[in-house]
Structures are given as structure tokens and as C-alpha cells.
$ cat query-v5.cif   # mmCIF, C-alpha atoms
data_final
loop_
_atom_site.label_atom_id
_atom_site.label_comp_id
_atom_site.auth_asym_id
_atom_site.auth_seq_id
_atom_site.Cartn_x
_atom_site.Cartn_y
_atom_site.Cartn_z
CA GLN A 1 -30.26 2.55 0.66
CA VAL A 2 -26.65 3.38 1.40
CA GLN A 3 -24.94 6.17 -0.49
CA LEU A 4 -21.28 7.05 -0.25
CA VAL A 5 -20.06 10.23 -1.92
CA GLU A 6 -16.34 10.88 -2.29
CA SER A 7 -14.64 14.20 -2.85
CA GLY A 8 -11.18 15.72 -2.64
CA GLY A 9 -9.35 14.05 -5.49
CA GLY A 10 -7.33 15.93 -8.05
CA LEU A 11 -3.90 16.57 -9.52
CA VAL A 12 -1.04 16.98 -7.08
CA GLN A 13 2.72 17.14 -7.48
CA PRO A 14 4.98 14.43 -6.05
CA GLY A 15 5.56 15.10 -2.38
CA GLY A 16 2.25 16.90 -2.04
CA SER A 17 -0.79 16.14 0.09
CA LEU A 18 -4.50 15.52 -0.41
CA ARG A 19 -7.44 14.84 1.87
CA LEU A 20 -10.21 12.66 0.54
CA SER A 21 -13.67 12.76 2.08
CA CYS A 22 -16.44 10.16 2.03
CA ALA A 23 -19.87 11.32 3.12
CA ALA A 24 -22.27 8.53 4.08
CA SER A 25 -26.06 8.68 3.91
CA LYS A 26 -26.34 6.77 7.20
CA THR A 27 -24.62 7.06 10.54
CA ILE A 28 -21.19 5.49 10.14
CA PHE A 29 -21.79 3.29 13.19
CA THR A 30 -24.19 1.42 10.88
CA PHE A 31 -21.14 -0.20 9.30
CA GLU A 32 -18.65 -2.66 10.73
CA ASP A 33 -15.85 -1.09 8.73
CA MET A 34 -15.35 1.87 6.45
CA GLY A 35 -12.35 2.43 4.31
CA TRP A 36 -10.63 3.47 1.15
CA TYR A 37 -9.60 1.31 -1.77
CA ARG A 38 -7.82 2.33 -4.93
CA GLN A 39 -7.55 1.00 -8.44
CA ALA A 40 -4.79 2.04 -10.78
CA ALA A 41 -4.98 1.51 -14.52
CA ALA A 42 -4.76 -2.18 -15.46
CA LYS A 43 -4.47 -3.21 -11.79
CA GLU A 44 -6.69 -4.86 -9.22
CA ARG A 45 -8.55 -2.79 -6.68
CA GLU A 46 -6.62 -2.77 -3.41
CA LEU A 47 -7.21 -1.71 0.17
CA VAL A 48 -5.56 1.54 1.21
CA ALA A 49 -6.86 2.07 4.74
CA GLN A 50 -9.77 1.00 6.91
CA ILE A 51 -11.36 2.08 10.17
CA SER A 52 -13.68 -0.12 12.22
CA ASN A 53 -16.73 1.05 14.13
CA THR A 54 -14.57 0.78 17.28
CA GLY A 55 -11.97 3.11 15.74
CA ARG A 56 -9.32 0.50 14.99
CA THR A 57 -7.33 1.46 11.90
CA THR A 58 -5.53 -0.63 9.30
CA TYR A 59 -3.19 0.56 6.56
CA ALA A 60 -1.73 -1.09 3.50
CA ASP A 61 2.05 -1.24 3.52
CA PRO A 62 2.52 1.11 0.53
CA VAL A 63 0.80 3.98 2.37
CA LYS A 64 1.72 3.20 5.96
CA GLY A 65 3.33 6.22 7.62
CA ARG A 66 2.11 8.55 4.87
CA SER A 67 -1.64 8.28 5.30
CA THR A 68 -4.18 8.74 8.08
CA ILE A 69 -7.77 7.57 8.06
CA SER A 70 -10.16 9.33 10.40
CA ARG A 71 -13.86 9.93 10.88
CA ASP A 72 -16.29 12.60 11.97
CA ILE A 73 -19.25 10.79 13.45
CA PHE A 74 -21.44 13.90 13.58
CA GLU A 75 -20.75 14.69 9.92
CA LYS A 76 -21.08 10.99 8.91
CA THR A 77 -17.81 11.37 7.04
CA VAL A 78 -14.62 9.36 6.76
CA TYR A 79 -11.42 11.04 5.66
CA LEU A 80 -8.15 9.88 4.16
CA GLN A 81 -5.25 12.26 4.58
CA MET A 82 -2.41 11.36 2.23
CA ASN A 83 1.02 12.98 2.47
CA SER A 84 4.29 12.60 0.60
CA LEU A 85 2.36 11.47 -2.44
CA LYS A 86 4.17 9.48 -5.11
CA PRO A 87 3.35 8.90 -8.79
CA GLU A 88 2.51 5.30 -7.90
CA ASP A 89 -0.34 6.60 -5.72
CA THR A 90 -2.13 7.62 -8.91
CA ALA A 91 -5.45 5.77 -9.02
CA VAL A 92 -9.17 6.07 -8.65
CA TYR A 93 -9.92 6.04 -4.92
CA TYR A 94 -13.15 4.43 -3.75
CA CYS A 95 -14.89 4.72 -0.43
CA ASN A 96 -16.13 1.41 0.96
CA ALA A 97 -18.48 0.43 3.76
CA LYS A 98 -19.12 -3.08 5.05
CA LYS A 99 -22.24 -4.30 6.79
CA ASN A 100 -23.51 -7.84 7.34
CA GLY A 101 -21.33 -9.25 4.59
CA ASP A 102 -22.33 -6.62 2.05
CA ASP A 103 -20.01 -4.08 0.48
CA TYR A 104 -21.12 -0.60 -0.47
CA TRP A 105 -19.08 1.60 -2.80
CA GLY A 106 -18.86 5.21 -3.76
CA GLN A 107 -18.45 6.35 -7.34
CA GLY A 108 -14.71 6.97 -6.96
CA THR A 109 -12.50 10.03 -7.13
CA GLN A 110 -9.41 10.34 -9.30
CA VAL A 111 -6.06 11.10 -7.68
CA THR A 112 -3.21 11.90 -10.05
CA VAL A 113 0.30 12.48 -8.77
CA SER A 114 2.43 14.06 -11.45
CA SER A 115 4.77 16.95 -12.03
#
$ encode --input "query-v5.cif" --output "C-alpha cells"
Amino acid sequence: QVQLVESGGGLVQPGGSLRLSCAASKTIFTFEDMGWYRQAAAKERELVAQISNTGRTTYADPVKGRSTISRDIFEKTVYLQMNSLKPEDTAVYYCNAKKNGDDYWGQGTQVTVSS
């Protein structure tokens, strides 16, 4: 059974930074891709950033240049560093892992950007 546990969310002022962490219960090479999605109130869940098992990264346009996805293979953890945060980044952020056509999700962590 795959478990993904997120941490690092919270309240931050506009222009601030946060680092989200996603700890996996299995080696992250188990998955084809791991990434972060977010869902704001009354909106669809959307991709934020993704990293493949070869290390290739993908970013959604709204966060490109402000966010960095990375991984620690030994710690079985994927990170999302977000800088220059904006109020429109407010959402619940979910860790995602893909394997053999299946999606695995964490429980989500709230990020609120407000002064």
C-alpha cells in the first residue's frame, strides 16, 4: 500500500516562501512520476509541478520561475519550494504519485497566502 504524507503548508504573506514536503512509504523510484497538484476553493484540481523517475521536471505556467520541485531519494521525499507567493496560490496542495496507470494521493496540506 502506498502512503504519501504532506507537510509544510501554512499561512504566509504575499511575497513569502514555503517548502512543502511529501514523504512516500516506498522508494520514489517505484513511481513513474511524482508531483504536486493544488485545488483552490470552487476550482478544479490542477498540476503545479512534476518530477519523473529520471529527474525530468515539469511546471505549470502560473508557478514557473517561482517554484522548484526536487527529491531526496534516500529520504523518499519530494519537495516543492515556492517563492514569491501570491494570494492566488492559496489552495490545498496534494502530493501525487503515478504508477502503472494508477494515481496515489496524499491527504493534502493547506497553503494560504494573505496579509
$ closest_residue --input "query-v5.cif" --among "A:Leu80, A:Ile73, A:Ala41, A:Ala91" --to "A:Thr57" --atoms "all atoms listed in the file"
A:Leu80
$ residues_around --input "query-v5.cif" --residues "A:Pro14" --least-positions-apart "6" --cutoff "8 Å" --atoms "all atoms listed in the file" --output "MDAnalysis selection string"
chainID A and resid 84:87 113:115
$ residues_around --input "query-v5.cif" --residues "A:Asp33" --least-positions-apart "2" --cutoff "6 Å" --atoms "only C-alpha atoms" --output "list in words"
Phe31, Ile51, Ser52, Asn53, Ala97 and Lys98 of chain A
$ closest_residue --input "query-v5.cif" --among "A:Glu75, A:Gly65, A:Lys43, A:Gln50" --to "A:Glu88" --atoms "all atoms listed in the file"
A:Lys43
$ closest_residue --input "query-v5.cif" --among "A:Tyr94, A:Tyr104, A:Thr112, A:Phe74" --to "A:Arg45" --atoms "only C-alpha atoms"
A:Tyr94
$ closest_residue --input "query-v5.cif" --among "A:Gln3, A:Lys76, A:Arg56, A:Ile69" --to "A:Phe29" --atoms "all atoms listed in the file"
A:Lys76
$ resolve_selection --input "query-v5.cif" --expression "the PyMOL selection byres ((chain A and resi 26) around 8)" --output "ChimeraX atom specification"
/A:2-3,24-25,27-28,30,76
$ resolve_selection --input "query-v5.cif" --expression "the PyMOL selection byres ((chain A and resi 36) around 6)" --output "tab-separated table (two decimals) with C-alpha atoms, keeping the file's coordinate frame"
chain	number	residue	atom	x	y	z
A	35	GLY	CA	-12.35	2.43	4.31
A	37	TYR	CA	-9.60	1.31	-1.77
A	48	VAL	CA	-5.56	1.54	1.21
A	49	ALA	CA	-6.86	2.07	4.74
A	94	TYR	CA	-13.15	4.43	-3.75
A	95	CYS	CA	-14.89	4.72	-0.43
A	96	ASN	CA	-16.13	1.41	0.96
$ decode --input "query-v5.cif" --residues "stretch 4-25 of chain A" --atoms "N, CA, C and O atoms" --output "tab-separated table (two decimals), in the first residue's frame"
chain	number	residue	atom	x	y	z
A	4	LEU	N	1.36	8.58	1.06
A	4	LEU	CA	2.03	9.84	0.81
A	4	LEU	C	1.60	10.81	1.90
A	4	LEU	O	0.40	11.03	2.10
A	5	VAL	N	2.55	11.39	2.59
A	5	VAL	CA	2.24	12.28	3.70
A	5	VAL	C	2.87	13.64	3.44
A	5	VAL	O	4.10	13.76	3.36
A	6	GLU	N	2.00	14.66	3.30
A	6	GLU	CA	2.48	16.01	3.04
A	6	GLU	C	2.69	16.78	4.34
A	6	GLU	O	2.02	16.51	5.35
A	7	SER	N	3.56	17.75	4.28
A	7	SER	CA	3.75	18.68	5.39
A	7	SER	C	4.33	19.98	4.83
A	7	SER	O	4.78	20.02	3.68
A	8	GLY	N	4.28	21.02	5.65
A	8	GLY	CA	4.91	22.28	5.27
A	8	GLY	C	3.97	23.39	4.88
A	8	GLY	O	4.41	24.50	4.61
A	9	GLY	N	2.68	23.11	4.83
A	9	GLY	CA	1.74	24.17	4.49
A	9	GLY	C	1.58	25.15	5.64
A	9	GLY	O	2.13	24.97	6.71
A	10	GLY	N	0.82	26.21	5.37
A	10	GLY	CA	0.58	27.19	6.41
A	10	GLY	C	0.18	28.53	5.84
A	10	GLY	O	-0.15	28.64	4.65
A	11	LEU	N	0.20	29.53	6.71
A	11	LEU	CA	-0.15	30.89	6.32
A	11	LEU	C	1.14	31.67	6.05
A	11	LEU	O	2.06	31.66	6.87
A	12	VAL	N	1.18	32.33	4.91
A	12	VAL	CA	2.36	33.10	4.54
A	12	VAL	C	1.91	34.40	3.90
A	12	VAL	O	0.85	34.44	3.25
A	13	GLN	N	2.68	35.44	4.07
A	13	GLN	CA	2.34	36.73	3.48
A	13	GLN	C	2.71	36.75	2.00
A	13	GLN	O	3.61	36.02	1.56
A	14	PRO	N	2.02	37.56	1.22
A	14	PRO	CA	2.39	37.71	-0.20
A	14	PRO	C	3.87	38.05	-0.33
A	14	PRO	O	4.40	38.88	0.42
A	15	GLY	N	4.52	37.39	-1.28
A	15	GLY	CA	5.95	37.58	-1.48
A	15	GLY	C	6.81	36.61	-0.68
A	15	GLY	O	8.02	36.55	-0.88
A	16	GLY	N	6.19	35.88	0.23
A	16	GLY	CA	6.91	34.94	1.07
A	16	GLY	C	7.19	33.62	0.38
A	16	GLY	O	6.89	33.43	-0.81
A	17	SER	N	7.78	32.70	1.15
A	17	SER	CA	8.17	31.40	0.62
A	17	SER	C	7.70	30.28	1.53
A	17	SER	O	7.50	30.49	2.74
A	18	LEU	N	7.52	29.10	0.94
A	18	LEU	CA	7.19	27.89	1.68
A	18	LEU	C	7.87	26.73	1.00
A	18	LEU	O	8.09	26.75	-0.22
A	19	ARG	N	8.18	25.69	1.78
A	19	ARG	CA	8.63	24.44	1.20
A	19	ARG	C	7.71	23.32	1.68
A	19	ARG	O	7.59	23.08	2.88
A	20	LEU	N	7.09	22.69	0.72
A	20	LEU	CA	6.23	21.55	1.01
A	20	LEU	C	7.03	20.27	0.88
A	20	LEU	O	7.91	20.17	0.01
A	21	SER	N	6.71	19.30	1.72
A	21	SER	CA	7.38	18.00	1.68
A	21	SER	C	6.34	16.90	1.50
A	21	SER	O	5.23	17.00	2.04
A	22	CYS	N	6.72	15.87	0.77
A	22	CYS	CA	5.87	14.70	0.58
A	22	CYS	C	6.72	13.46	0.85
A	22	CYS	O	7.63	13.15	0.06
A	23	ALA	N	6.43	12.79	1.95
A	23	ALA	CA	7.16	11.58	2.31
A	23	ALA	C	6.39	10.37	1.82
A	23	ALA	O	5.20	10.20	2.13
A	24	ALA	N	7.07	9.53	1.05
A	24	ALA	CA	6.45	8.33	0.48
A	24	ALA	C	6.80	7.10	1.31
A	24	ALA	O	7.88	7.03	1.92
A	25	SER	N	5.89	6.12	1.29
A	25	SER	CA	6.12	4.90	2.06
A	25	SER	C	6.97	3.90	1.28
A	25	SER	O	7.40	2.89	1.83
